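File shown: coords-v4.json (JSON, C-alpha atoms and all ligand atoms).
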```json
[["chain", "number", "residue", "atom", "x", "y", "z"],
["Z", 1, "MET", "CA", 60.96, 62.59, 17.25],
["Z", 2, "ARG", "CA", 59.25, 59.39, 16.26],
["Z", 3, "ILE", "CA", 61.39, 56.31, 15.95],
["Z", 4, "ILE", "CA", 60.51, 53.18, 14.02],
["Z", 5, "ILE", "CA", 62.78, 50.21, 14.61],
["Z", 6, "THR", "CA", 62.61, 47.41, 12.10],
["Z", 7, "ASP", "CA", 63.59, 43.76, 12.32],
["Z", 8, "SER", "CA", 64.75, 43.29, 8.76],
["Z", 9, "ILE", "CA", 66.02, 45.31, 5.84],
["Z", 10, "GLU", "CA", 62.86, 44.39, 3.91],
["Z", 11, "GLU", "CA", 60.69, 45.89, 6.64],
["Z", 12, "PHE", "CA", 63.00, 48.92, 6.78],
["Z", 13, "ASN", "CA", 62.53, 49.59, 3.08],
["Z", 14, "ILE", "CA", 58.78, 48.97, 3.10],
["Z", 15, "LYS", "CA", 58.11, 51.17, 6.12],
["Z", 16, "ALA", "CA", 60.22, 53.97, 4.64],
["Z", 17, "ALA", "CA", 58.38, 53.64, 1.33],
["Z", 18, "ASP", "CA", 55.04, 53.73, 3.15],
["Z", 19, "ILE", "CA", 56.01, 57.04, 4.74],
["Z", 20, "VAL", "CA", 57.13, 58.54, 1.43],
["Z", 21, "SER", "CA", 54.00, 57.21, -0.34],
["Z", 22, "GLN", "CA", 51.77, 58.77, 2.28],
["Z", 23, "GLN", "CA", 53.55, 62.09, 1.85],
["Z", 24, "ILE", "CA", 53.23, 62.07, -1.95],
["Z", 25, "SER", "CA", 49.59, 61.04, -1.88],
["Z", 26, "SER", "CA", 48.69, 63.72, 0.67],
["Z", 27, "ASN", "CA", 50.62, 66.34, -1.33],
["Z", 28, "PRO", "CA", 51.32, 65.30, -4.93],
["Z", 29, "ARG", "CA", 53.29, 68.52, -5.42],
["Z", 30, "THR", "CA", 55.74, 67.58, -2.67],
["Z", 31, "VAL", "CA", 59.20, 69.09, -2.96],
["Z", 32, "PHE", "CA", 61.46, 66.42, -1.57],
["Z", 33, "GLY", "CA", 65.14, 66.28, -0.78],
["Z", 34, "ALA", "CA", 66.88, 63.01, -1.49],
["Z", 35, "PRO", "CA", 70.24, 61.55, -0.49],
["Z", 36, "THR", "CA", 72.65, 59.21, -2.20],
["Z", 37, "GLY", "CA", 74.46, 56.32, -0.49],
["Z", 38, "GLU", "CA", 73.70, 52.73, 0.27],
["Z", 39, "THR", "CA", 71.01, 53.40, 2.88],
["Z", 40, "PRO", "CA", 68.17, 54.60, 0.62],
["Z", 41, "LEU", "CA", 68.77, 52.13, -2.23],
["Z", 42, "GLY", "CA", 66.10, 49.72, -1.03],
["Z", 43, "LEU", "CA", 63.66, 52.58, -0.46],
["Z", 44, "TYR", "CA", 64.22, 53.81, -4.00],
["Z", 45, "ARG", "CA", 63.72, 50.28, -5.41],
["Z", 46, "GLU", "CA", 60.48, 49.97, -3.49],
["Z", 47, "LEU", "CA", 59.26, 53.38, -4.69],
["Z", 48, "VAL", "CA", 60.16, 52.49, -8.29],
["Z", 49, "ASP", "CA", 58.13, 49.27, -8.01],
["Z", 50, "ARG", "CA", 55.17, 51.13, -6.52],
["Z", 51, "CYS", "CA", 55.36, 53.81, -9.21],
["Z", 52, "LYS", "CA", 55.46, 51.19, -11.98],
["Z", 53, "ALA", "CA", 52.45, 49.51, -10.38],
["Z", 54, "GLY", "CA", 50.60, 52.85, -10.41],
["Z", 55, "ALA", "CA", 50.50, 53.03, -6.62],
["Z", 56, "ILE", "CA", 52.44, 56.30, -6.34],
["Z", 57, "ASP", "CA", 52.52, 59.24, -8.71],
["Z", 58, "PHE", "CA", 55.56, 61.53, -8.84],
["Z", 59, "SER", "CA", 54.35, 63.49, -11.88],
["Z", 60, "GLN", "CA", 53.87, 66.71, -9.93],
["Z", 61, "ALA", "CA", 56.66, 66.19, -7.39],
["Z", 62, "THR", "CA", 60.03, 67.95, -7.35],
["Z", 63, "CYS", "CA", 63.33, 66.46, -6.23],
["Z", 64, "PHE", "CA", 66.40, 68.26, -4.92],
["Z", 65, "SER", "CA", 69.46, 66.10, -4.47],
["Z", 66, "LEU", "CA", 71.38, 67.00, -1.32],
["Z", 67, "ASP", "CA", 74.91, 67.04, -2.61],
["Z", 68, "GLU", "CA", 77.34, 66.38, -5.41],
["Z", 69, "TYR", "CA", 81.04, 65.66, -5.58],
["Z", 70, "ILE", "CA", 83.25, 68.32, -7.08],
["Z", 71, "GLY", "CA", 85.11, 67.43, -10.24],
["Z", 72, "ILE", "CA", 83.32, 64.32, -11.40],
["Z", 73, "SER", "CA", 81.03, 64.57, -14.38],
["Z", 74, "PRO", "CA", 77.31, 63.75, -14.29],
["Z", 75, "ASP", "CA", 77.92, 60.52, -16.22],
["Z", 76, "HIS", "CA", 80.53, 59.28, -13.72],
["Z", 77, "SER", "CA", 79.10, 56.22, -11.99],
["Z", 78, "GLN", "CA", 79.70, 57.73, -8.54],
["Z", 79, "SER", "CA", 78.25, 61.16, -9.19],
["Z", 80, "SER", "CA", 74.98, 62.09, -7.52],
["Z", 81, "HIS", "CA", 73.59, 62.76, -10.99],
["Z", 82, "TYR", "CA", 74.29, 59.21, -12.09],
["Z", 83, "TYR", "CA", 73.20, 57.67, -8.81],
["Z", 84, "MET", "CA", 69.92, 59.57, -8.55],
["Z", 85, "HIS", "CA", 68.92, 58.95, -12.14],
["Z", 86, "ASN", "CA", 69.96, 55.33, -12.36],
["Z", 87, "ASN", "CA", 68.74, 54.17, -8.97],
["Z", 88, "PHE", "CA", 65.58, 56.20, -8.80],
["Z", 89, "LEU", "CA", 64.57, 59.13, -10.93],
["Z", 90, "LYS", "CA", 64.69, 57.72, -14.45],
["Z", 91, "HIS", "CA", 62.45, 54.84, -13.34],
["Z", 92, "ILE", "CA", 59.65, 56.99, -11.90],
["Z", 93, "ASN", "CA", 57.28, 59.42, -13.55],
["Z", 94, "ILE", "CA", 58.90, 62.61, -12.26],
["Z", 95, "SER", "CA", 59.40, 65.37, -14.86],
["Z", 96, "GLU", "CA", 62.99, 66.02, -15.85],
["Z", 97, "GLU", "CA", 62.46, 69.76, -15.29],
["Z", 98, "ASN", "CA", 61.54, 69.01, -11.66],
["Z", 99, "ILE", "CA", 64.90, 67.40, -10.86],
["Z", 100, "PHE", "CA", 67.68, 69.48, -9.33],
["Z", 101, "ILE", "CA", 71.21, 68.33, -8.50],
["Z", 102, "PRO", "CA", 74.17, 70.62, -7.81],
["Z", 103, "ASN", "CA", 76.63, 70.95, -10.68],
["Z", 104, "GLY", "CA", 79.91, 69.55, -9.41],
["Z", 105, "MET", "CA", 81.72, 70.56, -12.61],
["Z", 106, "THR", "CA", 81.02, 74.25, -12.24],
["Z", 107, "GLN", "CA", 83.83, 76.79, -12.47],
["Z", 108, "ASP", "CA", 81.87, 79.01, -10.09],
["Z", 109, "ILE", "CA", 81.23, 76.96, -6.97],
["Z", 110, "PHE", "CA", 80.01, 79.87, -4.89],
["Z", 111, "GLY", "CA", 77.62, 80.97, -7.63],
["Z", 112, "GLU", "CA", 76.37, 77.40, -7.97],
["Z", 113, "CYS", "CA", 75.72, 77.20, -4.22],
["Z", 114, "ARG", "CA", 73.85, 80.51, -4.24],
["Z", 115, "SER", "CA", 71.72, 79.56, -7.20],
["Z", 116, "TYR", "CA", 70.95, 76.13, -5.71],
["Z", 117, "ASP", "CA", 69.68, 77.77, -2.52],
["Z", 118, "ASN", "CA", 67.71, 80.30, -4.55],
["Z", 119, "MET", "CA", 66.13, 77.48, -6.54],
["Z", 120, "ILE", "CA", 65.12, 75.66, -3.34],
["Z", 121, "ASP", "CA", 63.71, 78.92, -1.96],
["Z", 122, "SER", "CA", 61.77, 79.54, -5.19],
["Z", 123, "TYR", "CA", 59.96, 76.26, -4.56],
["Z", 124, "GLY", "CA", 59.13, 77.36, -1.01],
["Z", 125, "GLY", "CA", 61.77, 75.10, 0.57],
["Z", 126, "ILE", "CA", 61.76, 71.35, 1.03],
["Z", 127, "ASP", "CA", 58.51, 69.74, 2.15],
["Z", 128, "PHE", "CA", 59.91, 66.32, 2.86],
["Z", 129, "LEU", "CA", 63.59, 65.61, 3.37],
["Z", 130, "ILE", "CA", 65.02, 62.11, 3.30],
["Z", 131, "LEU", "CA", 68.38, 61.83, 5.05],
["Z", 132, "GLY", "CA", 71.00, 59.18, 5.63],
["Z", 133, "ILE", "CA", 73.64, 59.64, 8.31],
["Z", 134, "GLY", "CA", 77.38, 59.28, 7.92],
["Z", 135, "GLN", "CA", 79.44, 57.21, 10.32],
["Z", 136, "ASN", "CA", 80.84, 60.54, 11.53],
["Z", 137, "GLY", "CA", 77.34, 61.99, 11.98],
["Z", 138, "HIS", "CA", 77.22, 63.98, 8.75],
["Z", 139, "ILE", "CA", 73.94, 64.76, 7.01],
["Z", 140, "GLY", "CA", 74.09, 65.53, 3.33],
["Z", 141, "PHE", "CA", 77.79, 66.29, 3.21],
["Z", 142, "ASN", "CA", 77.68, 68.60, 6.23],
["Z", 143, "GLU", "CA", 80.78, 67.28, 7.89],
["Z", 144, "PRO", "CA", 81.82, 67.64, 11.55],
["Z", 145, "ALA", "CA", 82.94, 71.26, 11.99],
["Z", 146, "ASP", "CA", 83.21, 74.09, 14.47],
["Z", 147, "THR", "CA", 79.95, 75.67, 13.36],
["Z", 148, "PHE", "CA", 76.81, 74.53, 11.55],
["Z", 149, "PRO", "CA", 77.12, 75.74, 7.97],
["Z", 150, "SER", "CA", 73.88, 77.43, 7.08],
["Z", 151, "SER", "CA", 73.76, 77.67, 3.29],
["Z", 152, "SER", "CA", 74.81, 75.42, 0.44],
["Z", 153, "HIS", "CA", 78.58, 75.36, 0.42],
["Z", 154, "LEU", "CA", 81.79, 73.76, -0.70],
["Z", 155, "VAL", "CA", 82.96, 71.17, 1.80],
["Z", 156, "GLU", "CA", 86.25, 69.37, 2.17],
["Z", 157, "LEU", "CA", 85.33, 65.79, 2.96],
["Z", 158, "LYS", "CA", 86.70, 64.29, 6.14],
["Z", 159, "GLU", "CA", 89.05, 61.34, 5.97],
["Z", 160, "SER", "CA", 86.34, 59.28, 7.69],
["Z", 161, "THR", "CA", 83.90, 60.03, 4.86],
["Z", 162, "ILE", "CA", 86.52, 59.32, 2.20],
["Z", 163, "ASN", "CA", 87.29, 56.00, 3.88],
["Z", 164, "ALA", "CA", 83.58, 55.13, 4.19],
["Z", 165, "ASN", "CA", 82.91, 55.98, 0.54],
["Z", 166, "ALA", "CA", 86.05, 54.33, -0.85],
["Z", 167, "ARG", "CA", 83.99, 51.14, -1.18],
["Z", 168, "PHE", "CA", 82.14, 52.72, -4.10],
["Z", 169, "PHE", "CA", 85.34, 53.55, -6.02],
["Z", 170, "GLU", "CA", 88.04, 51.35, -7.53],
["Z", 171, "ASN", "CA", 90.68, 53.10, -5.51],
["Z", 172, "LYS", "CA", 90.47, 55.26, -2.41],
["Z", 173, "LEU", "CA", 92.53, 57.87, -4.24],
["Z", 174, "ASP", "CA", 89.67, 58.22, -6.72],
["Z", 175, "VAL", "CA", 87.25, 59.46, -4.04],
["Z", 176, "PRO", "CA", 86.74, 63.20, -4.61],
["Z", 177, "ARG", "CA", 87.94, 65.32, -1.72],
["Z", 178, "TYR", "CA", 85.40, 68.09, -2.13],
["Z", 179, "ALA", "CA", 81.67, 68.32, -2.57],
["Z", 180, "ILE", "CA", 78.82, 70.80, -2.72],
["Z", 181, "THR", "CA", 76.16, 70.18, -0.12],
["Z", 182, "VAL", "CA", 72.98, 71.88, 0.97],
["Z", 183, "GLY", "CA", 73.46, 73.51, 4.34],
["Z", 184, "VAL", "CA", 71.89, 73.03, 7.71],
["Z", 185, "LYS", "CA", 69.40, 75.86, 7.16],
["Z", 186, "THR", "CA", 67.84, 74.01, 4.23],
["Z", 187, "ILE", "CA", 67.70, 70.85, 6.32],
["Z", 188, "MET", "CA", 66.19, 72.56, 9.36],
["Z", 189, "GLN", "CA", 63.66, 74.47, 7.27],
["Z", 190, "ALA", "CA", 62.35, 71.25, 5.71],
["Z", 191, "LYS", "CA", 58.79, 70.73, 6.89],
["Z", 192, "LYS", "CA", 59.35, 67.04, 7.59],
["Z", 193, "VAL", "CA", 62.48, 64.92, 7.88],
["Z", 194, "LEU", "CA", 62.88, 61.18, 7.51],
["Z", 195, "LEU", "CA", 66.25, 60.04, 8.88],
["Z", 196, "MET", "CA", 67.26, 56.54, 7.80],
["Z", 197, "ALA", "CA", 70.01, 54.36, 9.26],
["Z", 198, "HIS", "CA", 70.82, 50.69, 9.19],
["Z", 199, "GLY", "CA", 73.72, 48.53, 10.22],
["Z", 200, "ASN", "CA", 76.32, 48.45, 12.97],
["Z", 201, "SER", "CA", 78.43, 51.12, 11.31],
["Z", 202, "LYS", "CA", 75.72, 53.67, 12.22],
["Z", 203, "THR", "CA", 75.13, 52.68, 15.85],
["Z", 204, "ALA", "CA", 77.55, 55.17, 17.40],
["Z", 205, "ALA", "CA", 76.57, 58.02, 15.08],
["Z", 206, "MET", "CA", 72.89, 57.48, 15.88],
["Z", 207, "GLN", "CA", 73.47, 57.54, 19.60],
["Z", 208, "LYS", "CA", 75.62, 60.66, 19.46],
["Z", 209, "ALA", "CA", 73.21, 62.42, 17.12],
["Z", 210, "LEU", "CA", 70.02, 61.63, 18.98],
["Z", 211, "GLU", "CA", 71.01, 61.33, 22.62],
["Z", 212, "GLU", "CA", 74.07, 63.46, 23.24],
["Z", 213, "ASP", "CA", 74.65, 67.21, 23.06],
["Z", 214, "VAL", "CA", 73.77, 69.13, 19.96],
["Z", 215, "THR", "CA", 77.08, 70.02, 18.39],
["Z", 216, "PRO", "CA", 78.40, 70.82, 14.92],
["Z", 217, "GLN", "CA", 80.94, 68.05, 15.57],
["Z", 218, "VAL", "CA", 77.98, 65.70, 15.06],
["Z", 219, "PRO", "CA", 75.98, 67.54, 12.40],
["Z", 220, "ALA", "CA", 72.95, 65.22, 12.62],
["Z", 221, "SER", "CA", 72.52, 66.25, 16.27],
["Z", 222, "ILE", "CA", 70.89, 69.49, 15.04],
["Z", 223, "LEU", "CA", 67.87, 67.35, 14.20],
["Z", 224, "GLN", "CA", 67.09, 67.27, 17.92],
["Z", 225, "TYR", "CA", 65.82, 70.82, 17.34],
["Z", 226, "HIS", "CA", 63.68, 69.93, 14.33],
["Z", 227, "HIS", "CA", 59.93, 69.84, 14.98],
["Z", 228, "ASP", "CA", 59.01, 66.93, 12.72],
["Z", 229, "VAL", "CA", 61.55, 64.13, 12.44],
["Z", 230, "THR", "CA", 60.77, 60.49, 11.87],
["Z", 231, "ILE", "CA", 63.64, 58.09, 12.33],
["Z", 232, "ILE", "CA", 63.68, 54.70, 10.76],
["Z", 233, "ALA", "CA", 66.43, 52.41, 11.96],
["Z", 234, "ASP", "CA", 67.11, 48.73, 12.03],
["Z", 235, "LYS", "CA", 67.87, 47.04, 15.33],
["Z", 236, "ALA", "CA", 71.62, 47.35, 14.82],
["Z", 237, "ALA", "CA", 71.62, 51.09, 14.16],
["Z", 238, "ALA", "CA", 69.19, 51.66, 17.05],
["Z", 239, "SER", "CA", 70.87, 49.27, 19.45],
["Z", 240, "ARG", "CA", 72.32, 51.97, 21.74],
["Z", 241, "LEU", "CA", 69.31, 54.24, 21.77],
["Z", 242, "GLY", "CA", 67.45, 54.62, 25.01],
["Z", 243, "LYS", "CA", 70.11, 52.67, 26.93],
["Z", 244, "GLU", "CA", 71.53, 55.39, 29.17],
["Z", 301, "LIG", "P1", 75.52, 55.34, 3.32],
["Z", 301, "LIG", "O1", 75.96, 56.84, 3.50],
["Z", 301, "LIG", "O2", 74.04, 55.37, 3.09],
["Z", 301, "LIG", "O3", 76.25, 54.88, 2.08],
["Z", 301, "LIG", "O4", 75.89, 54.61, 4.54],
["Z", 301, "LIG", "C1", 75.20, 57.67, 4.31],
["Z", 301, "LIG", "C2", 75.87, 59.00, 4.38],
["Z", 301, "LIG", "O5", 77.10, 59.09, 4.23],
["Z", 301, "LIG", "O6", 75.17, 60.00, 4.59]]
```
Show me the file's structure as structure tokens.
Ligand code: PGA
Amino acid sequence: MRIIITDSIEEFNIKAADIVSQQISSNPRTVFGAPTGETPLGLYRELVDRCKAGAIDFSQATCFSLDEYIGISPDHSQSSHYYMHNNFLKHINISEENIFIPNGMTQDIFGECRSYDNMIDSYGGIDFLILGIGQNGHIGFNEPADTFPSSSHLVELKESTINANARFFENKLDVPRYAITVGVKTIMQAKKVLLMAHGNSKTAAMQKALEEDVTPQVPASILQYHHDVTIIADKAAASRLGKE
């Protein structure tokens, strides 16, 4: 694992964007996986600016979103569809037909999960996976569990995730309780992973994930077994790393 620790949020966003830019310029046909959440917002803004300036070209790239809430429509302001389009995808030159996001309104969740995995497989898997980390150590919406879920699946969100994400909704009761997420197999088969974390709320999760035992109770800990992970963290999120 390589770890980059940044002094400021500006540096965090720029360094992350440099890594993504390098990936896209070395392979313009990159299939990338992309998360929602607060963490990558600055990265997406930076990539949008670079794309508008002609410094990065997404025209041949493909994007798979990692997850979607169940039961909220694509035009809901907290859906992954809305988030990904409005914060990132509609501002860059990616083709609409190269954007994939699970359908959280489906009547056939298991069929949707199967076809999402098949679609990822048909592209040869993910070349470059961008990940955030939940305060409880989740990646995508792979929540703490007794086993690592392999394939895309329906997940019941943990109370800790609902509490963490309540800030995006008017009322905590509005936070969906279920989501579709890609599974750990898709994550581990990605050729490269960029794990991003900033702020004090991620300090404990980062330490558990990167320095303690690999366990499905801390899903991000599986990344210890991945062969090509770059971590970008600010000083706060990295403050307990390498201390014991
Ligand atoms: P955040 O969420 O970026 O909003 O902190 C990360 C996550 O839950 O994976």
For ligand LIG 301 (chain Z), list the contacting residues at 9 Å or closer, counting only C-alpha atoms and all ligand atoms, as a PyMOL selection string. chain Z and resi 35-41+131-141+161+164-165+168+196-199+201-202
Next, the residues of the selection above should be written as a PDB file, in the coordinates of the input with C-alpha atoms.
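The resulting selection-v1.pdb:
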```pdb
ATOM      1  CA  PRO Z  35      70.240  61.550  -0.490  1.00  0.00           C
ATOM      2  CA  THR Z  36      72.650  59.210  -2.200  1.00  0.00           C
ATOM      3  CA  GLY Z  37      74.460  56.320  -0.490  1.00  0.00           C
ATOM      4  CA  GLU Z  38      73.700  52.730   0.270  1.00  0.00           C
ATOM      5  CA  THR Z  39      71.010  53.400   2.880  1.00  0.00           C
ATOM      6  CA  PRO Z  40      68.170  54.600   0.620  1.00  0.00           C
ATOM      7  CA  LEU Z  41      68.770  52.130  -2.230  1.00  0.00           C
ATOM      8  CA  LEU Z 131      68.380  61.830   5.050  1.00  0.00           C
ATOM      9  CA  GLY Z 132      71.000  59.180   5.630  1.00  0.00           C
ATOM     10  CA  ILE Z 133      73.640  59.640   8.310  1.00  0.00           C
ATOM     11  CA  GLY Z 134      77.380  59.280   7.920  1.00  0.00           C
ATOM     12  CA  GLN Z 135      79.440  57.210  10.320  1.00  0.00           C
ATOM     13  CA  ASN Z 136      80.840  60.540  11.530  1.00  0.00           C
ATOM     14  CA  GLY Z 137      77.340  61.990  11.980  1.00  0.00           C
ATOM     15  CA  HIS Z 138      77.220  63.980   8.750  1.00  0.00           C
ATOM     16  CA  ILE Z 139      73.940  64.760   7.010  1.00  0.00           C
ATOM     17  CA  GLY Z 140      74.090  65.530   3.330  1.00  0.00           C
ATOM     18  CA  PHE Z 141      77.790  66.290   3.210  1.00  0.00           C
ATOM     19  CA  THR Z 161      83.900  60.030   4.860  1.00  0.00           C
ATOM     20  CA  ALA Z 164      83.580  55.130   4.190  1.00  0.00           C
ATOM     21  CA  ASN Z 165      82.910  55.980   0.540  1.00  0.00           C
ATOM     22  CA  PHE Z 168      82.140  52.720  -4.100  1.00  0.00           C
ATOM     23  CA  MET Z 196      67.260  56.540   7.800  1.00  0.00           C
ATOM     24  CA  ALA Z 197      70.010  54.360   9.260  1.00  0.00           C
ATOM     25  CA  HIS Z 198      70.820  50.690   9.190  1.00  0.00           C
ATOM     26  CA  GLY Z 199      73.720  48.530  10.220  1.00  0.00           C
ATOM     27  CA  SER Z 201      78.430  51.120  11.310  1.00  0.00           C
ATOM     28  CA  LYS Z 202      75.720  53.670  12.220  1.00  0.00           C
TER      29      LYS Z 202
END
```
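Comparing the minimum interatomic distances between Ile70 in chain Z and each of Z:Pro28, Z:Gly54, Z:Pro176, Z:Gly42, counting only C-alpha atoms, we find that Z:Pro176 sits nearest.
Relative to CA of Lys15 in chain Z, CA of Arg45 in chain Z is found at 12.9 Å.
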Can you work out which one of Z:Arg114, Z:His85, Z:His91, Z:His76 has the shortest atom-to-atom distance to Arg50 in chain Z, counting only C-alpha atoms? Z:His91
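Residue nearest Lys90 in chain Z within the list Z:Tyr44, Z:Thr230, Z:Asp117, Z:Gly124: Z:Tyr44 [criterion: smallest interatomic distance, only C-alpha atoms].
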Using all atoms listed in the file, which residue out of Z:Glu212, Z:Asp18, Z:Asp127, Z:Glu159 lies closest to Thr186 in chain Z? Z:Asp127
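Take the candidates Z:Glu112, Z:Glu211, Z:Asp49, Z:Glu170 and check each one against Val182 in chain Z using all atoms listed in the file; the shortest distance goes to Z:Glu112.
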Any chance you could tabulate, as a Markdown table, the residues of range 146-168 of chain Z at most 12 Å from range 215-219 of chain Z with each one's nearest atom pair and distance in Å to one decimal, using only C-alpha atoms, in chain and rising number order?
```
| residue | atom | partner | partner_atom | distance |
| --- | --- | --- | --- | --- |
| Z:Asp146 | CA | Z:Pro216 | CA | 5.8 |
| Z:Thr147 | CA | Z:Pro216 | CA | 5.3 |
| Z:Phe148 | CA | Z:Pro216 | CA | 5.3 |
| Z:Pro149 | CA | Z:Pro216 | CA | 8.6 |
| Z:Ser150 | CA | Z:Pro216 | CA | 11.2 |
| Z:Lys158 | CA | Z:Gln217 | CA | 11.7 |
```
Which one of Z:Asn87, Z:Met1, Z:Ala179, Z:Ile92 sits closest to His226 in chain Z if you count only C-alpha atoms? Z:Met1
Write out as a compact mmCIF listing (two decimals) with C-alpha atoms, in the frame of the given file each polymer residue whose atoms come within 9 Å of Ile232 in chain Z, counting all atoms listed in the file; drop sequence neighbours fewer than 4 positions from it.
```
# COMPACT_ATOMS: atom_id res chain seq x y z
CA ARG Z 2 59.25 59.39 16.26
CA ILE Z 3 61.39 56.31 15.95
CA ILE Z 4 60.51 53.18 14.02
CA ILE Z 5 62.78 50.21 14.61
CA THR Z 6 62.61 47.41 12.10
CA PHE Z 12 63.00 48.92 6.78
CA LYS Z 15 58.11 51.17 6.12
CA ALA Z 16 60.22 53.97 4.64
CA LEU Z 194 62.88 61.18 7.51
CA LEU Z 195 66.25 60.04 8.88
CA MET Z 196 67.26 56.54 7.80
CA ALA Z 197 70.01 54.36 9.26
CA HIS Z 198 70.82 50.69 9.19
CA ALA Z 238 69.19 51.66 17.05
```
Quick one: distance from CA of Pro74 in chain Z to CA of Ile99 in chain Z in Å, one decimal? 13.4 Å
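Between CA of Val48 in chain Z and CA of Ile126 in chain Z the separation is 21.1 Å.
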Any chance you could build range 220-231 of chain Z out to N, CA, C and O atoms and write it as a PDB file, in the coordinates of the input?
```pdb
ATOM      1  N   ALA Z 220      74.332  65.728  12.527  1.00  0.00           N
ATOM      2  CA  ALA Z 220      72.950  65.220  12.620  1.00  0.00           C
ATOM      3  C   ALA Z 220      72.306  65.558  13.959  1.00  0.00           C
ATOM      4  O   ALA Z 220      71.071  65.498  14.079  1.00  0.00           O
ATOM      5  N   SER Z 221      73.106  65.934  14.962  1.00  0.00           N
ATOM      6  CA  SER Z 221      72.520  66.250  16.270  1.00  0.00           C
ATOM      7  C   SER Z 221      71.591  67.461  16.194  1.00  0.00           C
ATOM      8  O   SER Z 221      70.692  67.605  17.023  1.00  0.00           O
ATOM      9  N   ILE Z 222      71.764  68.315  15.191  1.00  0.00           N
ATOM     10  CA  ILE Z 222      70.890  69.490  15.040  1.00  0.00           C
ATOM     11  C   ILE Z 222      69.435  69.066  14.869  1.00  0.00           C
ATOM     12  O   ILE Z 222      68.510  69.809  15.179  1.00  0.00           O
ATOM     13  N   LEU Z 223      69.252  67.827  14.408  1.00  0.00           N
ATOM     14  CA  LEU Z 223      67.870  67.350  14.200  1.00  0.00           C
ATOM     15  C   LEU Z 223      67.099  67.256  15.509  1.00  0.00           C
ATOM     16  O   LEU Z 223      65.870  67.207  15.499  1.00  0.00           O
ATOM     17  N   GLN Z 224      67.804  67.253  16.638  1.00  0.00           N
ATOM     18  CA  GLN Z 224      67.090  67.270  17.920  1.00  0.00           C
ATOM     19  C   GLN Z 224      66.223  68.517  18.053  1.00  0.00           C
ATOM     20  O   GLN Z 224      65.263  68.538  18.813  1.00  0.00           O
ATOM     21  N   TYR Z 225      66.591  69.574  17.295  1.00  0.00           N
ATOM     22  CA  TYR Z 225      65.820  70.820  17.340  1.00  0.00           C
ATOM     23  C   TYR Z 225      64.754  70.896  16.250  1.00  0.00           C
ATOM     24  O   TYR Z 225      64.055  71.896  16.159  1.00  0.00           O
ATOM     25  N   HIS Z 226      64.680  69.888  15.407  1.00  0.00           N
ATOM     26  CA  HIS Z 226      63.680  69.930  14.330  1.00  0.00           C
ATOM     27  C   HIS Z 226      62.329  69.472  14.880  1.00  0.00           C
ATOM     28  O   HIS Z 226      62.258  68.550  15.690  1.00  0.00           O
ATOM     29  N   HIS Z 227      61.251  70.106  14.384  1.00  0.00           N
ATOM     30  CA  HIS Z 227      59.930  69.840  14.980  1.00  0.00           C
ATOM     31  C   HIS Z 227      59.250  68.604  14.415  1.00  0.00           C
ATOM     32  O   HIS Z 227      58.251  68.159  14.977  1.00  0.00           O
ATOM     33  N   ASP Z 228      59.736  68.058  13.312  1.00  0.00           N
ATOM     34  CA  ASP Z 228      59.010  66.930  12.720  1.00  0.00           C
ATOM     35  C   ASP Z 228      59.976  65.933  12.081  1.00  0.00           C
ATOM     36  O   ASP Z 228      60.181  65.942  10.862  1.00  0.00           O
ATOM     37  N   VAL Z 229      60.581  65.124  12.928  1.00  0.00           N
ATOM     38  CA  VAL Z 229      61.550  64.130  12.440  1.00  0.00           C
ATOM     39  C   VAL Z 229      61.013  62.734  12.704  1.00  0.00           C
ATOM     40  O   VAL Z 229      60.589  62.429  13.822  1.00  0.00           O
ATOM     41  N   THR Z 230      61.025  61.913  11.688  1.00  0.00           N
ATOM     42  CA  THR Z 230      60.770  60.490  11.870  1.00  0.00           C
ATOM     43  C   THR Z 230      62.081  59.773  11.599  1.00  0.00           C
ATOM     44  O   THR Z 230      62.765  60.068  10.614  1.00  0.00           O
ATOM     45  N   ILE Z 231      62.409  58.866  12.493  1.00  0.00           N
ATOM     46  CA  ILE Z 231      63.640  58.090  12.330  1.00  0.00           C
ATOM     47  C   ILE Z 231      63.255  56.666  12.017  1.00  0.00           C
ATOM     48  O   ILE Z 231      62.380  56.098  12.688  1.00  0.00           O
TER      49      ILE Z 231
END
```
